[in-house]
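Q: File data-v6.cif follows (mmCIF, N, CA and C atoms):
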```cif
data_structure
loop_
_atom_site.group_PDB
_atom_site.id
_atom_site.type_symbol
_atom_site.label_atom_id
_atom_site.label_comp_id
_atom_site.auth_asym_id
_atom_site.auth_seq_id
_atom_site.Cartn_x
_atom_site.Cartn_y
_atom_site.Cartn_z
ATOM 1 N N MET A 6 -34.508 -15.330 -48.039
ATOM 2 C CA MET A 6 -34.946 -15.384 -46.658
ATOM 3 C C MET A 6 -33.740 -15.178 -45.744
ATOM 4 N N ALA A 7 -33.879 -14.288 -44.771
ATOM 5 C CA ALA A 7 -32.771 -13.979 -43.853
ATOM 6 C C ALA A 7 -32.553 -15.137 -42.883
ATOM 7 N N ARG A 8 -31.293 -15.490 -42.717
ATOM 8 C CA ARG A 8 -30.935 -16.530 -41.761
ATOM 9 C C ARG A 8 -31.093 -15.974 -40.356
ATOM 10 N N LYS A 9 -31.622 -16.772 -39.444
ATOM 11 C CA LYS A 9 -31.779 -16.366 -38.052
ATOM 12 C C LYS A 9 -30.591 -16.850 -37.251
ATOM 13 N N VAL A 10 -30.118 -16.009 -36.356
ATOM 14 C CA VAL A 10 -28.990 -16.341 -35.498
ATOM 15 C C VAL A 10 -29.493 -16.396 -34.065
ATOM 16 N N ALA A 11 -29.394 -17.559 -33.432
ATOM 17 C CA ALA A 11 -29.802 -17.682 -32.035
ATOM 18 C C ALA A 11 -28.755 -17.003 -31.174
ATOM 19 N N VAL A 12 -29.185 -16.115 -30.299
ATOM 20 C CA VAL A 12 -28.228 -15.408 -29.465
ATOM 21 C C VAL A 12 -28.284 -15.817 -27.998
ATOM 22 N N LYS A 13 -29.368 -16.390 -27.537
ATOM 23 C CA LYS A 13 -29.396 -16.925 -26.181
ATOM 24 C C LYS A 13 -30.210 -18.199 -26.137
ATOM 25 N N ASP A 14 -31.409 -18.114 -26.634
ATOM 26 C CA ASP A 14 -32.280 -19.271 -26.674
ATOM 27 C C ASP A 14 -33.211 -19.110 -27.865
ATOM 28 N N GLU A 15 -34.121 -19.997 -28.013
ATOM 29 C CA GLU A 15 -35.005 -19.955 -29.180
ATOM 30 C C GLU A 15 -35.890 -18.715 -29.214
ATOM 31 N N SER A 16 -36.114 -18.047 -28.073
ATOM 32 C CA SER A 16 -36.967 -16.864 -28.063
ATOM 33 C C SER A 16 -36.188 -15.590 -28.396
ATOM 34 N N ALA A 17 -34.873 -15.665 -28.469
ATOM 35 C CA ALA A 17 -34.049 -14.489 -28.737
ATOM 36 C C ALA A 17 -33.252 -14.709 -30.018
ATOM 37 N N LYS A 18 -33.833 -14.319 -31.143
ATOM 38 C CA LYS A 18 -33.188 -14.496 -32.434
ATOM 39 C C LYS A 18 -33.167 -13.168 -33.165
ATOM 40 N N CYS A 19 -32.174 -13.008 -34.009
ATOM 41 C CA CYS A 19 -32.161 -11.859 -34.885
ATOM 42 C C CYS A 19 -31.487 -12.266 -36.193
ATOM 43 N N SER A 20 -31.835 -11.552 -37.237
ATOM 44 C CA SER A 20 -31.295 -11.877 -38.553
ATOM 45 C C SER A 20 -29.880 -11.326 -38.692
ATOM 46 N N ASP A 21 -29.184 -11.789 -39.717
ATOM 47 C CA ASP A 21 -27.852 -11.264 -40.010
ATOM 48 C C ASP A 21 -27.913 -9.756 -40.243
ATOM 49 N N ALA A 22 -28.964 -9.296 -40.925
ATOM 50 C CA ALA A 22 -29.107 -7.864 -41.194
ATOM 51 C C ALA A 22 -29.288 -7.074 -39.896
ATOM 52 N N GLN A 23 -30.027 -7.627 -38.945
ATOM 53 C CA GLN A 23 -30.212 -6.958 -37.661
ATOM 54 C C GLN A 23 -28.897 -6.909 -36.887
ATOM 55 N N LEU A 24 -28.136 -8.013 -36.894
ATOM 56 C CA LEU A 24 -26.840 -8.027 -36.223
ATOM 57 C C LEU A 24 -25.902 -6.990 -36.848
ATOM 58 N N LYS A 25 -25.881 -6.935 -38.178
ATOM 59 C CA LYS A 25 -25.013 -5.979 -38.861
ATOM 60 C C LYS A 25 -25.416 -4.555 -38.528
ATOM 61 N N SER A 26 -26.695 -4.277 -38.472
ATOM 62 C CA SER A 26 -27.171 -2.941 -38.131
ATOM 63 C C SER A 26 -26.759 -2.549 -36.712
ATOM 64 N N MET A 27 -26.899 -3.479 -35.765
ATOM 65 C CA MET A 27 -26.469 -3.213 -34.388
ATOM 66 C C MET A 27 -24.969 -2.953 -34.347
ATOM 67 N N TYR A 28 -24.221 -3.767 -35.058
ATOM 68 C CA TYR A 28 -22.762 -3.636 -35.095
ATOM 69 C C TYR A 28 -22.366 -2.264 -35.627
ATOM 70 N N GLU A 29 -22.987 -1.855 -36.713
ATOM 71 C CA GLU A 29 -22.655 -0.571 -37.333
ATOM 72 C C GLU A 29 -22.996 0.600 -36.419
ATOM 73 N N ARG A 30 -24.060 0.489 -35.631
ATOM 74 C CA ARG A 30 -24.395 1.552 -34.670
ATOM 75 C C ARG A 30 -23.349 1.636 -33.564
ATOM 76 N N CYS A 31 -22.799 0.503 -33.159
ATOM 77 C CA CYS A 31 -21.780 0.472 -32.102
ATOM 78 C C CYS A 31 -20.432 0.972 -32.607
ATOM 79 N N ASP A 32 -20.161 0.785 -33.887
ATOM 80 C CA ASP A 32 -18.872 1.152 -34.488
ATOM 81 C C ASP A 32 -18.881 2.647 -34.800
ATOM 82 N N THR A 33 -18.731 3.468 -33.752
ATOM 83 C CA THR A 33 -18.898 4.912 -33.905
ATOM 84 C C THR A 33 -17.819 5.570 -34.756
ATOM 85 N N ASP A 34 -16.617 5.006 -34.807
ATOM 86 C CA ASP A 34 -15.574 5.605 -35.641
ATOM 87 C C ASP A 34 -15.542 5.006 -37.050
ATOM 88 N N LYS A 35 -16.434 4.068 -37.302
ATOM 89 C CA LYS A 35 -16.631 3.478 -38.641
ATOM 90 C C LYS A 35 -15.363 2.849 -39.223
ATOM 91 N N ASP A 36 -14.554 2.210 -38.335
ATOM 92 C CA ASP A 36 -13.345 1.554 -38.831
ATOM 93 C C ASP A 36 -13.560 0.054 -39.075
ATOM 94 N N GLY A 37 -14.784 -0.413 -38.883
ATOM 95 C CA GLY A 37 -15.084 -1.810 -39.172
ATOM 96 C C GLY A 37 -14.765 -2.770 -38.048
ATOM 97 N N ARG A 38 -14.474 -2.240 -36.873
ATOM 98 C CA ARG A 38 -14.213 -3.088 -35.707
ATOM 99 C C ARG A 38 -14.603 -2.311 -34.451
ATOM 100 N N LEU A 39 -14.915 -3.058 -33.396
ATOM 101 C CA LEU A 39 -15.323 -2.426 -32.139
ATOM 102 C C LEU A 39 -14.160 -2.448 -31.159
ATOM 103 N N SER A 40 -13.800 -1.282 -30.672
ATOM 104 C CA SER A 40 -12.725 -1.157 -29.699
ATOM 105 C C SER A 40 -13.292 -1.292 -28.284
ATOM 106 N N GLN A 41 -12.404 -1.393 -27.312
ATOM 107 C CA GLN A 41 -12.843 -1.450 -25.924
ATOM 108 C C GLN A 41 -13.605 -0.176 -25.559
ATOM 109 N N ALA A 42 -13.156 0.980 -26.046
ATOM 110 C CA ALA A 42 -13.834 2.242 -25.758
ATOM 111 C C ALA A 42 -15.248 2.250 -26.335
ATOM 112 N N GLU A 43 -15.417 1.737 -27.551
ATOM 113 C CA GLU A 43 -16.753 1.680 -28.150
ATOM 114 C C GLU A 43 -17.644 0.721 -27.375
ATOM 115 N N LEU A 44 -17.088 -0.408 -26.967
ATOM 116 C CA LEU A 44 -17.856 -1.365 -26.163
ATOM 117 C C LEU A 44 -18.273 -0.742 -24.838
ATOM 118 N N GLN A 45 -17.359 -0.028 -24.207
ATOM 119 C CA GLN A 45 -17.659 0.609 -22.930
ATOM 120 C C GLN A 45 -18.787 1.632 -23.086
ATOM 121 N N LYS A 46 -18.755 2.397 -24.163
ATOM 122 C CA LYS A 46 -19.800 3.389 -24.415
ATOM 123 C C LYS A 46 -21.163 2.723 -24.566
ATOM 124 N N VAL A 47 -21.207 1.643 -25.338
ATOM 125 C CA VAL A 47 -22.470 0.926 -25.551
ATOM 126 C C VAL A 47 -22.982 0.349 -24.236
ATOM 127 N N LEU A 48 -22.090 -0.256 -23.461
ATOM 128 C CA LEU A 48 -22.495 -0.848 -22.187
ATOM 129 C C LEU A 48 -22.988 0.219 -21.220
ATOM 130 N N THR A 49 -22.369 1.385 -21.233
ATOM 131 C CA THR A 49 -22.835 2.503 -20.403
ATOM 132 C C THR A 49 -24.240 2.910 -20.814
ATOM 133 N N GLU A 50 -24.468 3.034 -22.120
ATOM 134 C CA GLU A 50 -25.783 3.407 -22.637
ATOM 135 C C GLU A 50 -26.838 2.367 -22.295
ATOM 136 N N MET A 51 -26.428 1.097 -22.194
ATOM 137 C CA MET A 51 -27.355 0.023 -21.846
ATOM 138 C C MET A 51 -27.660 -0.010 -20.346
ATOM 139 N N GLY A 52 -26.923 0.757 -19.559
ATOM 140 C CA GLY A 52 -27.141 0.769 -18.122
ATOM 141 C C GLY A 52 -26.445 -0.356 -17.387
ATOM 142 N N VAL A 53 -25.435 -0.948 -18.018
ATOM 143 C CA VAL A 53 -24.685 -2.040 -17.393
ATOM 144 C C VAL A 53 -23.789 -1.457 -16.304
ATOM 145 N N GLU A 54 -23.768 -2.100 -15.140
ATOM 146 C CA GLU A 54 -22.888 -1.676 -14.065
ATOM 147 C C GLU A 54 -21.440 -1.979 -14.431
ATOM 148 N N PHE A 55 -20.526 -1.122 -14.005
ATOM 149 C CA PHE A 55 -19.085 -1.294 -14.227
ATOM 150 C C PHE A 55 -18.753 -1.491 -15.709
ATOM 151 N N PRO A 56 -19.154 -0.551 -16.567
ATOM 152 C CA PRO A 56 -18.960 -0.743 -18.014
ATOM 153 C C PRO A 56 -17.504 -0.927 -18.429
ATOM 154 N N HIS A 57 -16.565 -0.291 -17.740
ATOM 155 C CA HIS A 57 -15.154 -0.450 -18.098
ATOM 156 C C HIS A 57 -14.714 -1.904 -17.912
ATOM 157 N N LEU A 58 -15.063 -2.478 -16.767
ATOM 158 C CA LEU A 58 -14.705 -3.875 -16.503
ATOM 159 C C LEU A 58 -15.456 -4.829 -17.419
ATOM 160 N N ARG A 59 -16.723 -4.525 -17.679
ATOM 161 C CA ARG A 59 -17.524 -5.385 -18.563
ATOM 162 C C ARG A 59 -16.983 -5.350 -19.985
ATOM 163 N N ALA A 60 -16.518 -4.181 -20.443
ATOM 164 C CA ALA A 60 -15.959 -4.081 -21.796
ATOM 165 C C ALA A 60 -14.726 -4.973 -21.918
ATOM 166 N N LYS A 61 -13.886 -4.967 -20.894
ATOM 167 C CA LYS A 61 -12.717 -5.858 -20.898
ATOM 168 C C LYS A 61 -13.161 -7.316 -20.929
ATOM 169 N N SER A 62 -14.181 -7.629 -20.150
ATOM 170 C CA SER A 62 -14.693 -8.991 -20.088
ATOM 171 C C SER A 62 -15.289 -9.420 -21.429
ATOM 172 N N VAL A 63 -16.026 -8.510 -22.069
ATOM 173 C CA VAL A 63 -16.604 -8.800 -23.385
ATOM 174 C C VAL A 63 -15.490 -9.109 -24.377
ATOM 175 N N LEU A 64 -14.444 -8.299 -24.368
ATOM 176 C CA LEU A 64 -13.314 -8.564 -25.268
ATOM 177 C C LEU A 64 -12.710 -9.930 -24.992
ATOM 178 N N TRP A 65 -12.539 -10.249 -23.738
ATOM 179 C CA TRP A 65 -11.951 -11.537 -23.370
ATOM 180 C C TRP A 65 -12.806 -12.695 -23.869
ATOM 181 N N HIS A 66 -14.127 -12.555 -23.754
ATOM 182 C CA HIS A 66 -15.041 -13.636 -24.141
ATOM 183 C C HIS A 66 -15.281 -13.721 -25.652
ATOM 184 N N ALA A 67 -15.311 -12.582 -26.325
ATOM 185 C CA ALA A 67 -15.757 -12.578 -27.721
ATOM 186 C C ALA A 67 -14.655 -12.352 -28.752
ATOM 187 N N ASP A 68 -13.489 -11.879 -28.337
ATOM 188 C CA ASP A 68 -12.407 -11.588 -29.281
ATOM 189 C C ASP A 68 -11.672 -12.879 -29.635
ATOM 190 N N GLU A 69 -12.254 -13.618 -30.555
ATOM 191 C CA GLU A 69 -11.767 -14.961 -30.875
ATOM 192 C C GLU A 69 -10.356 -14.963 -31.463
ATOM 193 N N ASN A 70 -9.993 -13.941 -32.231
ATOM 194 C CA ASN A 70 -8.652 -13.908 -32.822
ATOM 195 C C ASN A 70 -7.659 -13.099 -31.976
ATOM 196 N N GLN A 71 -8.113 -12.605 -30.865
ATOM 197 C CA GLN A 71 -7.292 -11.893 -29.877
ATOM 198 C C GLN A 71 -6.518 -10.712 -30.470
ATOM 199 N N ASP A 72 -7.196 -9.942 -31.328
ATOM 200 C CA ASP A 72 -6.557 -8.743 -31.885
ATOM 201 C C ASP A 72 -6.905 -7.482 -31.099
ATOM 202 N N GLY A 73 -7.707 -7.623 -30.041
ATOM 203 C CA GLY A 73 -8.077 -6.480 -29.216
ATOM 204 C C GLY A 73 -9.308 -5.749 -29.691
ATOM 205 N N TYR A 74 -9.982 -6.289 -30.696
ATOM 206 C CA TYR A 74 -11.178 -5.673 -31.262
ATOM 207 C C TYR A 74 -12.218 -6.756 -31.525
ATOM 208 N N ILE A 75 -13.473 -6.320 -31.655
ATOM 209 C CA ILE A 75 -14.558 -7.226 -32.023
ATOM 210 C C ILE A 75 -14.913 -6.971 -33.484
ATOM 211 N N SER A 76 -14.765 -8.007 -34.293
ATOM 212 C CA SER A 76 -15.141 -7.917 -35.708
ATOM 213 C C SER A 76 -16.627 -8.269 -35.850
ATOM 214 N N LEU A 77 -17.150 -8.043 -37.023
ATOM 215 C CA LEU A 77 -18.537 -8.410 -37.278
ATOM 216 C C LEU A 77 -18.733 -9.907 -37.082
ATOM 217 N N ASN A 78 -17.747 -10.705 -37.486
ATOM 218 C CA ASN A 78 -17.844 -12.156 -37.308
ATOM 219 C C ASN A 78 -17.891 -12.557 -35.842
ATOM 220 N N GLU A 79 -17.268 -11.773 -34.966
ATOM 221 C CA GLU A 79 -17.238 -12.072 -33.533
ATOM 222 C C GLU A 79 -18.422 -11.471 -32.784
ATOM 223 N N PHE A 80 -19.197 -10.628 -33.454
ATOM 224 C CA PHE A 80 -20.272 -9.882 -32.797
ATOM 225 C C PHE A 80 -21.357 -10.785 -32.238
ATOM 226 N N GLY A 81 -21.671 -11.881 -32.915
ATOM 227 C CA GLY A 81 -22.673 -12.822 -32.400
ATOM 228 C C GLY A 81 -22.253 -13.387 -31.054
ATOM 229 N N THR A 82 -20.962 -13.687 -30.905
ATOM 230 C CA THR A 82 -20.434 -14.179 -29.627
ATOM 231 C C THR A 82 -20.577 -13.110 -28.557
ATOM 232 N N LEU A 83 -20.318 -11.859 -28.930
ATOM 233 C CA LEU A 83 -20.476 -10.750 -27.991
ATOM 234 C C LEU A 83 -21.918 -10.657 -27.512
ATOM 235 N N ILE A 84 -22.870 -10.743 -28.428
ATOM 236 C CA ILE A 84 -24.285 -10.647 -28.064
ATOM 237 C C ILE A 84 -24.659 -11.791 -27.121
ATOM 238 N N LYS A 85 -24.231 -12.996 -27.433
ATOM 239 C CA LYS A 85 -24.520 -14.136 -26.553
ATOM 240 C C LYS A 85 -23.994 -13.880 -25.148
ATOM 241 N N TYR A 86 -22.766 -13.381 -25.049
ATOM 242 C CA TYR A 86 -22.185 -13.105 -23.740
ATOM 243 C C TYR A 86 -22.936 -11.971 -23.031
ATOM 244 N N ALA A 87 -23.236 -10.902 -23.748
ATOM 245 C CA ALA A 87 -23.913 -9.756 -23.136
ATOM 246 C C ALA A 87 -25.266 -10.156 -22.549
ATOM 247 N N LEU A 88 -25.945 -11.074 -23.207
ATOM 248 C CA LEU A 88 -27.255 -11.508 -22.706
ATOM 249 C C LEU A 88 -27.149 -12.318 -21.426
ATOM 250 N N THR A 89 -25.970 -12.820 -21.109
ATOM 251 C CA THR A 89 -25.795 -13.562 -19.861
ATOM 252 C C THR A 89 -25.532 -12.658 -18.679
ATOM 253 N N LEU A 90 -25.232 -11.376 -18.941
ATOM 254 C CA LEU A 90 -24.929 -10.446 -17.855
ATOM 255 C C LEU A 90 -26.186 -10.146 -17.055
ATOM 256 N N SER A 91 -26.126 -10.318 -15.770
ATOM 257 C CA SER A 91 -27.299 -10.058 -14.937
ATOM 258 C C SER A 91 -27.634 -8.588 -14.850
ATOM 259 N N THR A 92 -26.706 -7.716 -15.233
ATOM 260 C CA THR A 92 -26.933 -6.290 -15.128
ATOM 261 C C THR A 92 -27.470 -5.677 -16.411
ATOM 262 N N VAL A 93 -27.732 -6.508 -17.416
ATOM 263 C CA VAL A 93 -28.338 -5.993 -18.644
ATOM 264 C C VAL A 93 -29.840 -5.984 -18.447
ATOM 265 N N PRO A 94 -30.475 -4.801 -18.590
ATOM 266 C CA PRO A 94 -31.929 -4.724 -18.424
ATOM 267 C C PRO A 94 -32.630 -5.646 -19.408
ATOM 268 N N LYS A 95 -33.595 -6.389 -18.939
ATOM 269 C CA LYS A 95 -34.379 -7.280 -19.801
ATOM 270 C C LYS A 95 -35.546 -6.507 -20.402
ATOM 271 N N ALA A 96 -35.773 -6.685 -21.686
ATOM 272 C CA ALA A 96 -36.866 -5.984 -22.376
ATOM 273 C C ALA A 96 -38.195 -6.607 -22.037
#
```
Can the structure from this file be put into structure tokens for me?

A:
Amino acid sequence: MARKVAVKDESAKCSDAQLKSMYERCDTDKDGRLSQAELQKVLTEMGVEFPHLRAKSVLWHADENQDGYISLNEFGTLIKYALTLSTVPKA
């Protein structure tokens, strides 16, 4: 049974497999980590205002080891933060 990961509240959950799939789609250069440029591209595609600034902010909030990239382990933190952005379209 897939473990569920709460990303904002009890109504917003996804499995580890779903998180990994999202991560792999964002990792366009397939190096196993998300760069600021990759984050900016994803945020632009999501319709987030000021994607360059938001990408920096996402790194600041989610880059727990401060290596300048988002690892798969840090991706859940990124999703939690992204869902708090008022400029992310709600489904």

Q: Name the closest residue to A:Leu39 among the candidates A:Glu79, A:Ile84, A:Tyr74, A:Thr89; distances are taken between atoms, counting all atoms listed in the file.

A: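 Smallest distance to A:Leu39 is found for A:Tyr74.
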
Q: What's the separation between atom N of A:Ile75 and atom N of A:Leu88, in Å to one decimal place?

A: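 Calculated distance between atom N of A:Ile75 and atom N of A:Leu88 is 15.8 Å.
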
Q: Do you know which residues are at most 6.5 Å from A:Gln41 counting all atoms listed in the file, after dropping those on the same chain fewer than 4 positions away, and could you put them as a list in words?

A: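 Near A:Gln41, the qualifying residues are Gln45, Lys46, Ala60, Lys61, Gly73 and Tyr74 of chain A.
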
Q: Rounded to one decimal place, report the atom CA of A:Asn70-atom CA of A:Phe55 distance in Å.

A: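 That distance, rounded to one decimal, is 24.8 Å.
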
Q: Have a look at atom N of A:Gly37 and atom N of A:Glu69 and let me know their distance in Å, one decimal.

A: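 Between atom N of A:Gly37 and atom N of A:Glu69 the gap is 15.8 Å.
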
Q: Between A:Lys25, A:Met51, A:Leu64, A:Asp34, which residue has the minimum interatomic distance to A:Asn78, considering only C-alpha atoms?

A: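 Closest residue, counting only C-alpha atoms: A:Lys25.
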
Q: Determine the residue membership of the PyMOL selection byres (((chain A and resi 28 and name CA) around 12) and name CA) for the file above and supply it as a ChimeraX atom specification.

A: /A:21-27,29-40,43-44,47,75-81,83-84

Q: Could you add whatever atoms are missing so that stretch 53-66 of chain A carries N, CA, C and O atoms, then write the result as a CSV table (one decimal), keeping the file's coordinate frame?

A:
```
chain,number,residue,atom,x,y,z
A,53,VAL,N,-25.4,-0.9,-18.0
A,53,VAL,CA,-24.7,-2.0,-17.4
A,53,VAL,C,-23.8,-1.5,-16.3
A,53,VAL,O,-23.1,-0.4,-16.5
A,54,GLU,N,-23.8,-2.1,-15.1
A,54,GLU,CA,-22.9,-1.7,-14.1
A,54,GLU,C,-21.4,-2.0,-14.4
A,54,GLU,O,-21.2,-3.0,-15.1
A,55,PHE,N,-20.5,-1.1,-14.0
A,55,PHE,CA,-19.1,-1.3,-14.2
A,55,PHE,C,-18.8,-1.5,-15.7
A,55,PHE,O,-18.1,-2.5,-16.1
A,56,PRO,N,-19.2,-0.6,-16.6
A,56,PRO,CA,-19.0,-0.7,-18.0
A,56,PRO,C,-17.5,-0.9,-18.4
A,56,PRO,O,-17.2,-1.7,-19.4
A,57,HIS,N,-16.6,-0.3,-17.7
A,57,HIS,CA,-15.2,-0.4,-18.1
A,57,HIS,C,-14.7,-1.9,-17.9
A,57,HIS,O,-14.1,-2.5,-18.8
A,58,LEU,N,-15.1,-2.5,-16.8
A,58,LEU,CA,-14.7,-3.9,-16.5
A,58,LEU,C,-15.5,-4.8,-17.4
A,58,LEU,O,-14.9,-5.8,-17.9
A,59,ARG,N,-16.7,-4.5,-17.7
A,59,ARG,CA,-17.5,-5.4,-18.6
A,59,ARG,C,-17.0,-5.4,-20.0
A,59,ARG,O,-17.0,-6.4,-20.7
A,60,ALA,N,-16.5,-4.2,-20.4
A,60,ALA,CA,-16.0,-4.1,-21.8
A,60,ALA,C,-14.7,-5.0,-21.9
A,60,ALA,O,-14.6,-5.7,-22.9
A,61,LYS,N,-13.9,-5.0,-20.9
A,61,LYS,CA,-12.7,-5.9,-20.9
A,61,LYS,C,-13.2,-7.3,-20.9
A,61,LYS,O,-12.6,-8.1,-21.6
A,62,SER,N,-14.2,-7.6,-20.2
A,62,SER,CA,-14.7,-9.0,-20.1
A,62,SER,C,-15.3,-9.4,-21.4
A,62,SER,O,-15.1,-10.5,-21.9
A,63,VAL,N,-16.0,-8.5,-22.1
A,63,VAL,CA,-16.6,-8.8,-23.4
A,63,VAL,C,-15.5,-9.1,-24.4
A,63,VAL,O,-15.6,-10.1,-25.1
A,64,LEU,N,-14.4,-8.3,-24.4
A,64,LEU,CA,-13.3,-8.6,-25.3
A,64,LEU,C,-12.7,-9.9,-25.0
A,64,LEU,O,-12.4,-10.7,-25.9
A,65,TRP,N,-12.5,-10.2,-23.7
A,65,TRP,CA,-12.0,-11.5,-23.4
A,65,TRP,C,-12.8,-12.7,-23.9
A,65,TRP,O,-12.3,-13.7,-24.4
A,66,HIS,N,-14.1,-12.6,-23.8
A,66,HIS,CA,-15.0,-13.6,-24.1
A,66,HIS,C,-15.3,-13.7,-25.7
A,66,HIS,O,-15.5,-14.8,-26.2
```
